[in-house]
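To be precise, the following lines are run05.pdb, and they hold PDB, C-alpha atoms.
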```pdb
ATOM      1  CA  MET Y 182    -158.448 -48.798   8.935
ATOM      2  CA  LYS Y 183    -160.110 -45.936  10.748
ATOM      3  CA  ILE Y 184    -163.320 -46.947  12.535
ATOM      4  CA  LEU Y 185    -166.002 -44.954  14.378
ATOM      5  CA  LEU Y 186    -168.203 -46.842  16.847
ATOM      6  CA  VAL Y 187    -171.521 -45.224  17.783
ATOM      7  CA  GLY Y 188    -173.036 -46.028  21.181
ATOM      8  CA  PRO Y 189    -176.517 -45.472  22.608
ATOM      9  CA  GLY Y 190    -175.569 -42.317  24.506
ATOM     10  CA  ILE Y 191    -177.235 -43.596  27.667
ATOM     11  CA  LEU Y 192    -174.469 -45.075  29.863
ATOM     12  CA  PRO Y 193    -170.763 -44.212  29.901
ATOM     13  CA  ILE Y 194    -168.280 -46.198  27.806
ATOM     14  CA  PRO Y 195    -166.576 -48.175  29.214
ATOM     15  CA  SER Y 196    -169.295 -49.231  31.633
ATOM     16  CA  ASN Y 197    -168.458 -50.211  35.178
ATOM     17  CA  GLY Y 198    -171.845 -51.774  35.673
ATOM     18  CA  TRP Y 199    -174.586 -53.342  33.605
ATOM     19  CA  GLY Y 200    -174.197 -51.827  30.170
ATOM     20  CA  ALA Y 201    -173.642 -54.918  28.018
ATOM     21  CA  VAL Y 202    -173.648 -52.941  24.767
ATOM     22  CA  GLU Y 203    -171.283 -50.380  26.251
ATOM     23  CA  THR Y 204    -168.945 -53.180  27.357
ATOM     24  CA  LEU Y 205    -169.045 -54.702  23.870
ATOM     25  CA  ILE Y 206    -168.247 -51.364  22.224
ATOM     26  CA  TRP Y 207    -165.290 -50.756  24.513
ATOM     27  CA  ASN Y 208    -163.946 -54.261  23.886
ATOM     28  CA  GLN Y 209    -164.397 -53.793  20.138
ATOM     29  CA  LYS Y 210    -162.327 -50.614  20.304
ATOM     30  CA  THR Y 211    -159.606 -52.162  22.468
ATOM     31  CA  TYR Y 212    -159.130 -55.315  20.430
ATOM     32  CA  CYS Y 213    -159.374 -53.677  17.015
ATOM     33  CA  GLU Y 214    -156.731 -51.186  18.137
ATOM     34  CA  ALA Y 215    -154.568 -54.143  19.186
ATOM     35  CA  LEU Y 216    -154.789 -55.293  15.569
ATOM     36  CA  GLY Y 217    -153.381 -51.971  14.433
ATOM     37  CA  HIS Y 218    -156.554 -50.035  13.561
ATOM     38  CA  THR Y 219    -157.634 -46.578  14.718
ATOM     39  CA  VAL Y 220    -160.935 -46.689  16.610
ATOM     40  CA  ASP Y 221    -162.945 -43.812  18.099
ATOM     41  CA  ILE Y 222    -166.236 -43.856  19.989
ATOM     42  CA  LEU Y 223    -169.161 -41.444  19.668
ATOM     43  CA  ASN Y 224    -171.523 -41.892  22.612
ATOM     44  CA  GLN Y 225    -173.727 -38.819  22.168
ATOM     45  CA  ARG Y 226    -176.949 -38.361  20.233
ATOM     46  CA  GLY Y 227    -177.952 -35.567  17.917
ATOM     47  CA  LEU Y 228    -176.769 -33.852  14.760
ATOM     48  CA  GLU Y 229    -174.202 -31.566  16.353
ATOM     49  CA  PRO Y 230    -172.158 -34.368  18.047
ATOM     50  CA  ALA Y 231    -172.460 -36.482  14.890
ATOM     51  CA  LEU Y 232    -171.065 -33.704  12.696
ATOM     52  CA  ALA Y 233    -168.358 -32.916  15.237
ATOM     53  CA  ALA Y 234    -167.203 -36.556  15.016
ATOM     54  CA  LYS Y 235    -166.640 -36.097  11.239
ATOM     55  CA  PRO Y 236    -167.859 -39.578  10.224
ATOM     56  CA  TRP Y 237    -166.797 -38.946   6.616
ATOM     57  CA  ASN Y 238    -163.187 -39.200   7.786
ATOM     58  CA  TYR Y 239    -163.624 -42.878   8.728
ATOM     59  CA  ASP Y 240    -163.421 -46.006   6.599
ATOM     60  CA  ILE Y 241    -166.497 -47.375   8.392
ATOM     61  CA  VAL Y 242    -169.019 -46.160  10.967
ATOM     62  CA  HIS Y 243    -170.551 -48.927  13.101
ATOM     63  CA  VAL Y 244    -173.783 -48.006  14.906
ATOM     64  CA  HIS Y 245    -174.660 -50.213  17.891
ATOM     65  CA  PHE Y 246    -178.049 -48.686  18.775
ATOM     66  CA  ASP Y 247    -180.776 -49.521  16.288
ATOM     67  CA  PRO Y 248    -183.246 -46.702  17.197
ATOM     68  CA  LEU Y 249    -180.662 -44.390  15.592
ATOM     69  CA  THR Y 250    -180.757 -46.257  12.265
ATOM     70  CA  GLU Y 251    -182.907 -43.765  10.346
ATOM     71  CA  PHE Y 252    -180.764 -40.813  11.474
ATOM     72  CA  TRP Y 253    -177.477 -42.472  10.527
ATOM     73  CA  ASN Y 254    -178.828 -43.885   7.261
ATOM     74  CA  ILE Y 255    -179.770 -40.364   6.158
ATOM     75  CA  LEU Y 256    -176.466 -38.928   7.387
ATOM     76  CA  SER Y 257    -174.421 -41.556   5.539
ATOM     77  CA  VAL Y 258    -176.158 -40.700   2.260
ATOM     78  CA  HIS Y 259    -175.748 -36.944   2.607
ATOM     79  CA  LEU Y 260    -172.179 -37.042   3.925
ATOM     80  CA  ASN Y 261    -171.046 -40.024   1.830
ATOM     81  CA  PHE Y 262    -169.534 -42.440   4.339
ATOM     82  CA  LYS Y 263    -169.812 -46.208   4.773
ATOM     83  CA  LEU Y 264    -172.193 -47.332   7.502
ATOM     84  CA  VAL Y 265    -172.978 -50.626   9.176
ATOM     85  CA  VAL Y 266    -175.654 -51.112  11.871
ATOM     86  CA  THR Y 267    -176.085 -53.781  14.551
ATOM     87  CA  SER Y 268    -179.321 -54.368  16.467
ATOM     88  CA  HIS Y 269    -178.950 -55.652  20.023
ATOM     89  CA  TYR Y 270    -182.716 -55.917  20.563
ATOM     90  CA  GLY Y 271    -183.457 -59.028  22.614
ATOM     91  CA  TYR Y 272    -186.444 -60.041  20.504
ATOM     92  CA  ALA Y 273    -184.811 -59.339  17.115
ATOM     93  CA  ALA Y 274    -185.074 -63.013  16.112
ATOM     94  CA  PHE Y 275    -188.662 -63.363  17.377
ATOM     95  CA  PRO Y 276    -191.049 -61.168  15.329
ATOM     96  CA  LYS Y 277    -194.138 -62.319  17.242
ATOM     97  CA  LYS Y 278    -192.704 -60.701  20.382
ATOM     98  CA  TRP Y 279    -191.733 -57.356  18.884
ATOM     99  CA  GLY Y 280    -192.797 -54.307  20.810
ATOM    100  CA  ASN Y 281    -191.602 -50.874  21.909
ATOM    101  CA  GLY Y 282    -191.722 -49.557  18.356
ATOM    102  CA  TYR Y 283    -189.330 -52.154  16.950
ATOM    103  CA  GLU Y 284    -191.510 -52.580  13.855
ATOM    104  CA  THR Y 285    -190.553 -49.020  12.875
ATOM    105  CA  THR Y 286    -186.892 -49.600  13.726
ATOM    106  CA  PHE Y 287    -186.956 -52.812  11.671
ATOM    107  CA  ARG Y 288    -188.278 -50.920   8.663
ATOM    108  CA  PHE Y 289    -185.304 -48.549   8.808
ATOM    109  CA  LEU Y 290    -182.911 -51.453   9.318
ATOM    110  CA  MET Y 291    -184.380 -53.041   6.178
ATOM    111  CA  GLU Y 292    -183.495 -49.848   4.297
ATOM    112  CA  SER Y 293    -179.861 -49.964   5.421
ATOM    113  CA  GLU Y 294    -177.148 -50.854   2.954
ATOM    114  CA  ARG Y 295    -175.236 -53.021   5.379
ATOM    115  CA  LEU Y 296    -175.965 -54.851   8.635
ATOM    116  CA  ILE Y 297    -173.976 -56.949  11.062
ATOM    117  CA  VAL Y 298    -176.353 -59.184  13.026
ATOM    118  CA  LEU Y 299    -175.673 -61.246  16.124
ATOM    119  CA  SER Y 300    -176.995 -64.634  14.957
ATOM    120  CA  GLU Y 301    -178.141 -66.689  11.991
ATOM    121  CA  ASP Y 302    -181.690 -66.561  13.343
ATOM    122  CA  ILE Y 303    -181.672 -62.769  13.127
ATOM    123  CA  LEU Y 304    -180.180 -62.929   9.638
ATOM    124  CA  ASN Y 305    -183.022 -65.240   8.587
ATOM    125  CA  VAL Y 306    -185.630 -62.710   9.774
ATOM    126  CA  PHE Y 307    -184.137 -60.053   7.499
ATOM    127  CA  ALA Y 308    -183.726 -62.489   4.609
ATOM    128  CA  LYS Y 309    -187.363 -63.637   4.833
ATOM    129  CA  ASN Y 310    -188.464 -59.998   4.704
ATOM    130  CA  GLY Y 311    -186.453 -59.365   1.547
ATOM    131  CA  PHE Y 312    -183.404 -57.492   2.812
ATOM    132  CA  LYS Y 313    -181.419 -56.401  -0.246
ATOM    133  CA  GLY Y 314    -178.231 -55.066   1.334
ATOM    134  CA  ILE Y 315    -175.124 -56.808   2.643
ATOM    135  CA  ILE Y 316    -175.601 -58.730   5.872
ATOM    136  CA  ASP Y 317    -173.067 -60.619   7.988
ATOM    137  CA  VAL Y 318    -173.261 -62.553  11.250
ATOM    138  CA  LEU Y 319    -170.857 -61.643  14.050
ATOM    139  CA  PRO Y 320    -171.437 -63.026  17.564
ATOM    140  CA  ASN Y 321    -170.643 -61.053  20.670
ATOM    141  CA  GLY Y 322    -167.281 -61.584  22.332
ATOM    142  CA  THR Y 323    -165.925 -61.538  25.854
ATOM    143  CA  GLU Y 324    -162.561 -60.837  27.490
ATOM    144  CA  THR Y 325    -161.877 -64.383  28.622
ATOM    145  CA  GLN Y 326    -158.692 -63.578  30.528
ATOM    146  CA  GLN Y 327    -160.425 -60.916  32.618
ATOM    147  CA  PHE Y 328    -162.425 -63.615  34.385
ATOM    148  CA  LEU Y 329    -160.870 -65.451  37.274
ATOM    149  CA  PHE Y 330    -160.973 -69.171  36.543
ATOM    150  CA  LYS Y 331    -160.936 -71.937  39.143
ATOM    151  CA  LYS Y 332    -160.697 -75.560  38.061
ATOM    152  CA  THR Y 333    -163.184 -76.435  40.802
ATOM    153  CA  ALA Y 334    -166.266 -74.449  41.759
ATOM    154  CA  SER Y 335    -166.177 -73.343  45.387
ATOM    155  CA  LEU Y 336    -169.981 -73.068  45.525
ATOM    156  CA  LYS Y 337    -172.345 -75.857  44.538
ATOM    157  CA  ASN Y 338    -174.791 -73.135  43.564
ATOM    158  CA  ALA Y 339    -176.449 -71.696  40.498
ATOM    159  CA  ILE Y 340    -176.482 -67.994  39.660
ATOM    160  CA  CYS Y 341    -178.906 -65.783  37.727
ATOM    161  CA  LEU Y 342    -176.824 -62.795  36.642
ATOM    162  CA  GLY Y 343    -178.408 -59.876  34.845
ATOM    163  CA  ARG Y 344    -181.031 -57.173  35.024
ATOM    164  CA  ILE Y 345    -184.105 -58.472  36.830
ATOM    165  CA  GLU Y 346    -187.021 -58.017  34.442
ATOM    166  CA  GLY Y 347    -189.957 -59.830  32.907
ATOM    167  CA  ARG Y 348    -188.117 -60.895  29.753
ATOM    168  CA  LYS Y 349    -185.552 -62.853  31.752
ATOM    169  CA  ARG Y 350    -188.229 -64.600  33.840
ATOM    170  CA  GLN Y 351    -186.258 -64.708  37.089
ATOM    171  CA  ALA Y 352    -189.500 -64.700  39.098
ATOM    172  CA  GLU Y 353    -190.627 -67.972  37.479
ATOM    173  CA  VAL Y 354    -187.274 -69.581  38.162
ATOM    174  CA  ALA Y 355    -187.188 -68.440  41.794
ATOM    175  CA  LYS Y 356    -190.727 -69.653  42.450
ATOM    176  CA  LYS Y 357    -189.971 -73.084  41.016
ATOM    177  CA  ILE Y 358    -186.737 -73.443  42.980
ATOM    178  CA  LEU Y 359    -188.580 -72.567  46.190
ATOM    179  CA  SER Y 360    -191.185 -75.222  45.455
ATOM    180  CA  LYS Y 361    -188.615 -77.910  44.582
ATOM    181  CA  ARG Y 362    -185.904 -76.912  47.082
ATOM    182  CA  ASN Y 363    -183.323 -79.028  45.267
ATOM    183  CA  ILE Y 364    -180.722 -76.314  44.507
ATOM    184  CA  VAL Y 365    -179.443 -72.991  45.803
ATOM    185  CA  CYS Y 366    -179.531 -70.028  43.406
ATOM    186  CA  ASP Y 367    -178.149 -66.531  43.903
ATOM    187  CA  PHE Y 368    -179.732 -63.664  41.961
ATOM    188  CA  VAL Y 369    -177.461 -60.744  41.060
ATOM    189  CA  GLY Y 370    -178.386 -57.666  39.085
ATOM    190  CA  PRO Y 371    -180.167 -54.322  39.045
ATOM    191  CA  THR Y 372    -183.920 -54.078  39.208
ATOM    192  CA  ASP Y 373    -186.187 -51.180  38.309
ATOM    193  CA  TYR Y 374    -188.834 -52.308  40.752
ATOM    194  CA  SER Y 375    -189.181 -54.281  43.963
ATOM    195  CA  LEU Y 376    -188.314 -57.945  43.645
ATOM    196  CA  LYS Y 377    -191.206 -59.957  42.251
ATOM    197  CA  PHE Y 378    -190.099 -63.150  43.952
ATOM    198  CA  LYS Y 379    -189.615 -64.388  47.486
ATOM    199  CA  VAL Y 380    -186.126 -64.567  48.978
ATOM    200  CA  ASP Y 381    -185.747 -67.186  51.708
ATOM    201  CA  ASN Y 382    -181.964 -66.745  52.131
ATOM    202  CA  LYS Y 383    -181.584 -70.490  51.928
ATOM    203  CA  HIS Y 384    -182.504 -71.648  48.452
ATOM    204  CA  ILE Y 385    -183.057 -68.189  46.949
ATOM    205  CA  ASN Y 386    -180.713 -65.272  47.708
ATOM    206  CA  TYR Y 387    -180.624 -61.781  46.221
ATOM    207  CA  LEU Y 388    -177.113 -60.296  46.365
ATOM    208  CA  GLY Y 389    -177.883 -56.915  44.812
ATOM    209  CA  GLU Y 390    -175.679 -55.455  42.066
ATOM    210  CA  TRP Y 391    -172.049 -56.273  41.297
ATOM    211  CA  ASP Y 392    -169.654 -54.000  39.489
ATOM    212  CA  ARG Y 393    -167.525 -55.395  36.653
ATOM    213  CA  ALA Y 394    -164.565 -56.185  38.903
ATOM    214  CA  THR Y 395    -166.773 -58.227  41.231
ATOM    215  CA  VAL Y 396    -168.288 -60.150  38.314
ATOM    216  CA  HIS Y 397    -164.783 -60.908  37.015
ATOM    217  CA  LYS Y 398    -163.710 -62.190  40.433
ATOM    218  CA  ASN Y 399    -166.793 -63.953  41.824
ATOM    219  CA  LEU Y 400    -168.458 -65.640  38.859
ATOM    220  CA  THR Y 401    -166.044 -68.580  38.851
ATOM    221  CA  ASN Y 402    -167.195 -69.599  42.347
ATOM    222  CA  TYR Y 403    -170.469 -70.903  40.889
ATOM    223  CA  SER Y 404    -171.286 -74.166  39.132
ATOM    224  CA  CYS Y 405    -173.887 -73.022  36.615
ATOM    225  CA  LEU Y 406    -175.609 -69.988  35.148
ATOM    226  CA  ILE Y 407    -179.379 -69.968  34.653
ATOM    227  CA  LEU Y 408    -180.876 -67.765  31.924
ATOM    228  CA  PHE Y 409    -184.474 -68.731  31.201
ATOM    229  CA  SER Y 410    -185.180 -65.691  29.042
ATOM    230  CA  ASP Y 411    -187.982 -65.633  26.474
ATOM    231  CA  GLY Y 412    -185.835 -63.656  24.040
ATOM    232  CA  GLU Y 413    -182.143 -62.879  23.586
ATOM    233  CA  ALA Y 414    -180.060 -61.766  20.609
ATOM    234  CA  HIS Y 415    -176.711 -63.133  21.843
ATOM    235  CA  PRO Y 416    -176.461 -62.641  25.613
ATOM    236  CA  LEU Y 417    -173.024 -61.554  26.768
ATOM    237  CA  VAL Y 418    -173.604 -63.049  30.221
ATOM    238  CA  ILE Y 419    -173.519 -66.587  28.799
ATOM    239  CA  LEU Y 420    -170.049 -65.996  27.359
ATOM    240  CA  GLU Y 421    -168.908 -64.455  30.627
ATOM    241  CA  ALA Y 422    -170.195 -67.410  32.618
ATOM    242  CA  MET Y 423    -168.420 -69.897  30.374
ATOM    243  CA  ALA Y 424    -165.206 -67.846  30.598
ATOM    244  CA  ALA Y 425    -165.459 -68.404  34.354
ATOM    245  CA  GLY Y 426    -166.025 -72.143  33.880
ATOM    246  CA  LEU Y 427    -169.767 -72.394  34.534
ATOM    247  CA  SER Y 428    -172.187 -74.817  32.929
ATOM    248  CA  ILE Y 429    -175.141 -73.180  31.179
ATOM    249  CA  VAL Y 430    -178.845 -73.830  31.828
ATOM    250  CA  ILE Y 431    -180.793 -71.777  29.318
ATOM    251  CA  SER Y 432    -183.943 -71.421  27.273
ATOM    252  CA  LYS Y 433    -183.747 -72.125  23.552
ATOM    253  CA  GLU Y 434    -184.392 -68.417  22.972
ATOM    254  CA  ALA Y 435    -181.078 -67.650  24.710
ATOM    255  CA  SER Y 436    -178.950 -70.221  22.875
ATOM    256  CA  ALA Y 437    -177.818 -68.308  19.768
ATOM    257  CA  ASN Y 438    -174.405 -69.273  18.356
ATOM    258  CA  LEU Y 439    -173.843 -72.087  20.869
ATOM    259  CA  ASP Y 440    -173.073 -75.715  20.058
ATOM    260  CA  LYS Y 441    -176.170 -77.293  21.592
ATOM    261  CA  ASN Y 442    -174.561 -80.750  21.651
ATOM    262  CA  LEU Y 443    -171.980 -79.823  24.262
ATOM    263  CA  PRO Y 444    -172.550 -81.704  27.539
ATOM    264  CA  TRP Y 445    -172.430 -78.577  29.713
ATOM    265  CA  ILE Y 446    -175.157 -76.719  27.800
ATOM    266  CA  TYR Y 447    -178.684 -77.593  28.934
ATOM    267  CA  LEU Y 448    -181.619 -76.346  26.851
ATOM    268  CA  CYS Y 449    -184.901 -75.927  28.715
ATOM    269  CA  ASP Y 450    -188.429 -75.722  27.335
ATOM    270  CA  THR Y 451    -190.112 -75.380  30.725
ATOM    271  CA  VAL Y 452    -189.251 -73.941  34.121
ATOM    272  CA  ASP Y 453    -189.527 -77.478  35.546
ATOM    273  CA  GLU Y 454    -186.641 -78.474  33.293
ATOM    274  CA  VAL Y 455    -184.648 -75.504  34.565
ATOM    275  CA  VAL Y 456    -184.444 -76.821  38.122
ATOM    276  CA  GLU Y 457    -184.014 -80.400  36.947
ATOM    277  CA  TYR Y 458    -181.127 -79.568  34.607
ATOM    278  CA  ALA Y 459    -179.579 -77.090  37.029
ATOM    279  CA  GLU Y 460    -179.277 -79.837  39.633
ATOM    280  CA  LYS Y 461    -177.489 -82.033  37.071
ATOM    281  CA  ALA Y 462    -175.327 -79.130  35.864
ATOM    282  CA  ILE Y 463    -174.185 -78.350  39.407
ATOM    283  CA  ARG Y 464    -173.386 -82.000  40.058
ATOM    284  CA  GLU Y 465    -171.321 -82.452  36.870
ATOM    285  CA  ASN Y 466    -169.781 -79.005  36.342
ATOM    286  CA  ASN Y 467    -166.322 -79.841  37.677
ATOM    287  CA  LEU Y 468    -165.950 -82.483  34.961
ATOM    288  CA  TYR Y 469    -166.105 -79.847  32.231
ATOM    289  CA  ARG Y 470    -164.772 -76.539  33.551
ATOM    290  CA  GLU Y 471    -161.484 -76.557  31.629
ATOM    291  CA  GLN Y 472    -163.285 -77.583  28.429
ATOM    292  CA  ILE Y 473    -165.802 -74.781  28.920
ATOM    293  CA  ARG Y 474    -163.068 -72.171  29.318
ATOM    294  CA  LYS Y 475    -161.256 -73.457  26.219
ATOM    295  CA  TYR Y 476    -164.488 -73.361  24.176
ATOM    296  CA  VAL Y 477    -164.941 -69.656  24.904
ATOM    297  CA  GLU Y 478    -161.296 -68.833  24.251
ATOM    298  CA  GLU Y 479    -161.372 -70.479  20.840
ATOM    299  CA  ASN Y 480    -164.787 -69.265  19.675
ATOM    300  CA  PHE Y 481    -165.864 -66.095  21.498
ATOM    301  CA  ASP Y 482    -162.834 -64.350  22.916
ATOM    302  CA  CYS Y 483    -162.713 -60.661  21.948
ATOM    303  CA  SER Y 484    -159.492 -61.244  20.022
ATOM    304  CA  VAL Y 485    -161.260 -63.817  17.831
ATOM    305  CA  ILE Y 486    -164.351 -61.659  17.312
ATOM    306  CA  ALA Y 487    -162.314 -58.527  16.552
ATOM    307  CA  GLN Y 488    -160.424 -60.356  13.825
ATOM    308  CA  LYS Y 489    -163.693 -61.550  12.296
ATOM    309  CA  PHE Y 490    -165.067 -57.993  12.435
ATOM    310  CA  ILE Y 491    -162.071 -56.624  10.547
ATOM    311  CA  GLU Y 492    -162.450 -59.357   7.931
ATOM    312  CA  ILE Y 493    -166.123 -58.453   7.478
ATOM    313  CA  ILE Y 494    -165.635 -54.713   7.070
ATOM    314  CA  SER Y 495    -162.579 -55.181   4.849
TER     315      SER Y 495
END
```

So that I can check it, write out the structure of this file as structure tokens.
Amino acid sequence: MKILLVGPGILPIPSNGWGAVETLIWNQKTYCEALGHTVDILNQRGLEPALAAKPWNYDIVHVHFDPLTEFWNILSVHLNFKLVVTSHYGYAAFPKKWGNGYETTFRFLMESERLIVLSEDILNVFAKNGFKGIIDVLPNGTETQQFLFKKTASLKNAICLGRIEGRKRQAEVAKKILSKRNIVCDFVGPTDYSLKFKVDNKHINYLGEWDRATVHKNLTNYSCLILFSDGEAHPLVILEAMAAGLSIVISKEASANLDKNLPWIYLCDTVDEVVEYAEKAIRENNLYREQIRKYVEENFDCSVIAQKFIEIIS
């Protein structure tokens, strides 16, 4: 098949930094090509670049940036090509938290003929609102083999990896760790503003930003990842952490597509539970690291997800 992937047109593809969607698009291209398909990427906005890409020459066009849904819906009708759209909005499964104009975006998504969503919870939101098109669930995937894997963590520490922002609630986690002082947690990621939490360089450390190569190399040193977000579609960082062998301490809102009964996945309702479970996760992580790596390889490796994608669009 011939496939066109449409990116947000904000960051370069592939991304060397913090563009999760850009990383996913690049991996989708790479692994679908490995299966024998032709895959191109359009990472520019506007009518002229869209027409120059000649989307009518493709078997399927897959848009990964939902604010462009109305534009591509109209284009697909007028130029007669098959279109599928995926929303990566963190609050897609949580209508009470919608903001930033997502109500309008959702209306256009509801008018689409075909969607690929990141979780069953997101699918249920569309179904409850009467979506009449074709809808499939496809989780995100990660390049498992790109992540260095050690059978034993070299640091008895937790890590919060990702953009530092209100939705991910790093400030709450840092404050609670400083009050409990029972674990050490490193915070890594870009921030658009000054840190909203205290760094004591003992229990709480801020290590700045890592490029992709550093994430691939350093993540396996840690014992657990903490992601106490109040909304996630299917966070790539969780898959990356498990590829590196880390246990996972997360909010229920960040747990899409995971087997919640696994002993290395800790679901937290409160920030108090975060530090409590993180202490346990750090203590027990070495018991499970090989199982964690195998779980990702079998369920979320890019090769697995690419095959499922081809089956869906076929």

Residues matched by the PyMOL selection byres ((chain Y and resi 248) around 12), written as JSON, numbers by chain: {"Y": [187, 188, 189, 190, 226, 244, 245, 246, 247, 249, 250, 251, 252, 253, 254, 266, 267, 268, 269, 270, 281, 282, 283, 284, 285, 286, 287, 288, 289, 290]}

Take the selection from the previous step and output its residues with C-alpha atoms, as a PDB file, keeping the file's coordinate frame.
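Saved file part_26.pdb follows:
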```pdb
ATOM      1  CA  VAL Y 187    -171.521 -45.224  17.783  1.00  0.00           C
ATOM      2  CA  GLY Y 188    -173.036 -46.028  21.181  1.00  0.00           C
ATOM      3  CA  PRO Y 189    -176.517 -45.472  22.608  1.00  0.00           C
ATOM      4  CA  GLY Y 190    -175.569 -42.317  24.506  1.00  0.00           C
ATOM      5  CA  ARG Y 226    -176.949 -38.361  20.233  1.00  0.00           C
ATOM      6  CA  VAL Y 244    -173.783 -48.006  14.906  1.00  0.00           C
ATOM      7  CA  HIS Y 245    -174.660 -50.213  17.891  1.00  0.00           C
ATOM      8  CA  PHE Y 246    -178.049 -48.686  18.775  1.00  0.00           C
ATOM      9  CA  ASP Y 247    -180.776 -49.521  16.288  1.00  0.00           C
ATOM     10  CA  LEU Y 249    -180.662 -44.390  15.592  1.00  0.00           C
ATOM     11  CA  THR Y 250    -180.757 -46.257  12.265  1.00  0.00           C
ATOM     12  CA  GLU Y 251    -182.907 -43.765  10.346  1.00  0.00           C
ATOM     13  CA  PHE Y 252    -180.764 -40.813  11.474  1.00  0.00           C
ATOM     14  CA  TRP Y 253    -177.477 -42.472  10.527  1.00  0.00           C
ATOM     15  CA  ASN Y 254    -178.828 -43.885   7.261  1.00  0.00           C
ATOM     16  CA  VAL Y 266    -175.654 -51.112  11.871  1.00  0.00           C
ATOM     17  CA  THR Y 267    -176.085 -53.781  14.551  1.00  0.00           C
ATOM     18  CA  SER Y 268    -179.321 -54.368  16.467  1.00  0.00           C
ATOM     19  CA  HIS Y 269    -178.950 -55.652  20.023  1.00  0.00           C
ATOM     20  CA  TYR Y 270    -182.716 -55.917  20.563  1.00  0.00           C
ATOM     21  CA  ASN Y 281    -191.602 -50.874  21.909  1.00  0.00           C
ATOM     22  CA  GLY Y 282    -191.722 -49.557  18.356  1.00  0.00           C
ATOM     23  CA  TYR Y 283    -189.330 -52.154  16.950  1.00  0.00           C
ATOM     24  CA  GLU Y 284    -191.510 -52.580  13.855  1.00  0.00           C
ATOM     25  CA  THR Y 285    -190.553 -49.020  12.875  1.00  0.00           C
ATOM     26  CA  THR Y 286    -186.892 -49.600  13.726  1.00  0.00           C
ATOM     27  CA  PHE Y 287    -186.956 -52.812  11.671  1.00  0.00           C
ATOM     28  CA  ARG Y 288    -188.278 -50.920   8.663  1.00  0.00           C
ATOM     29  CA  PHE Y 289    -185.304 -48.549   8.808  1.00  0.00           C
ATOM     30  CA  LEU Y 290    -182.911 -51.453   9.318  1.00  0.00           C
TER      31      LEU Y 290
END
```

Output check: residues returned by the PyMOL selection byres ((chain Y and resi 391) around 10), as a list in words: Asn197, Gly198, Trp199, Leu342, Gly343, Val369, Gly370, Pro371, Leu388, Gly389, Glu390, Asp392, Arg393, Ala394, Thr395, Val396, His397 and Asn399 of chain Y

Residues proximal to (-190.4, -62.2, 37.9) were defined as those with any atom within 12 Å of that point in the file's coordinates, counting all atoms listed in the file. Which are they, as a tab-separated table (two decimals) with C-alpha atoms, in the coordinates of the input?
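This is the output file selection.tsv:
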```
chain	number	residue	atom	x	y	z
Y	344	ARG	CA	-181.03	-57.17	35.02
Y	345	ILE	CA	-184.10	-58.47	36.83
Y	346	GLU	CA	-187.02	-58.02	34.44
Y	347	GLY	CA	-189.96	-59.83	32.91
Y	348	ARG	CA	-188.12	-60.90	29.75
Y	349	LYS	CA	-185.55	-62.85	31.75
Y	350	ARG	CA	-188.23	-64.60	33.84
Y	351	GLN	CA	-186.26	-64.71	37.09
Y	352	ALA	CA	-189.50	-64.70	39.10
Y	353	GLU	CA	-190.63	-67.97	37.48
Y	354	VAL	CA	-187.27	-69.58	38.16
Y	355	ALA	CA	-187.19	-68.44	41.79
Y	356	LYS	CA	-190.73	-69.65	42.45
Y	357	LYS	CA	-189.97	-73.08	41.02
Y	368	PHE	CA	-179.73	-63.66	41.96
Y	372	THR	CA	-183.92	-54.08	39.21
Y	373	ASP	CA	-186.19	-51.18	38.31
Y	374	TYR	CA	-188.83	-52.31	40.75
Y	375	SER	CA	-189.18	-54.28	43.96
Y	376	LEU	CA	-188.31	-57.94	43.64
Y	377	LYS	CA	-191.21	-59.96	42.25
Y	378	PHE	CA	-190.10	-63.15	43.95
Y	379	LYS	CA	-189.62	-64.39	47.49
Y	409	PHE	CA	-184.47	-68.73	31.20
Y	410	SER	CA	-185.18	-65.69	29.04
```

Separation of atom CA of Thr451 of chain Y from atom CA of Leu359 of chain Y, in Å and rounded to one decimal: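 Pair atom CA of Thr451 of chain Y / atom CA of Leu359 of chain Y returns 15.8 Å.
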
Length of the atom CA of Glu413 of chain Y to atom CA of Arg362 of chain Y vector [Å]: 27.6 Å

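Distances to Ala339 of chain Y were evaluated for Y:Ala274, Y:Leu304, Y:Val265, Y:Cys405 using all atoms listed in the file, and the minimum falls at Y:Cys405.
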
For Asn402 of chain Y, list every protein, DNA or RNA residue within 8 Å, evaluated using all atoms listed in the file, and leave out those in the same chain fewer than 6 positions away; present the list as a PDB file with C-alpha atoms, in the frame of the given file.
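Written out: result-v8.pdb:
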```
ATOM      1  CA  LYS Y 331    -160.936 -71.937  39.143  1.00  0.00           C
ATOM      2  CA  ALA Y 334    -166.266 -74.449  41.759  1.00  0.00           C
ATOM      3  CA  SER Y 335    -166.177 -73.343  45.387  1.00  0.00           C
ATOM      4  CA  LEU Y 336    -169.981 -73.068  45.525  1.00  0.00           C
TER       5      LEU Y 336
END
```

Using the file's own x, y and z axes, so that the box edges lie along x, y and z, what centre and edge lengths in Å (one decimal) does a box around every listed atom of segment 404-423 of chain Y get when 8 Å is added on each side? Give it as AutoDock Vina command-line options.
```
--center_x -178.2 --center_y -67.9 --center_z 29.9 --size_x 35.6 --size_y 28.6 --size_z 34.5
```

Nearest residue to Val258 of chain Y from the set Y:Trp237, Y:Phe490, Y:Tyr272, Y:Tyr458 (distances using only C-alpha atoms): Y:Trp237

Among the residues Y:Tyr469, Y:Phe312, Y:Phe481, Y:Phe307, the one that comes closest to Leu443 of chain Y [using all atoms listed in the file]: Y:Tyr469

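Around the coordinate (-179.8, -71.1, 16.2), residues that reach within 8 Å when counting all atoms listed in the file are Y:Ser300, Y:Glu301, Y:Asp302, Y:Ser436, Y:Ala437, Y:Asn438, Y:Leu439.
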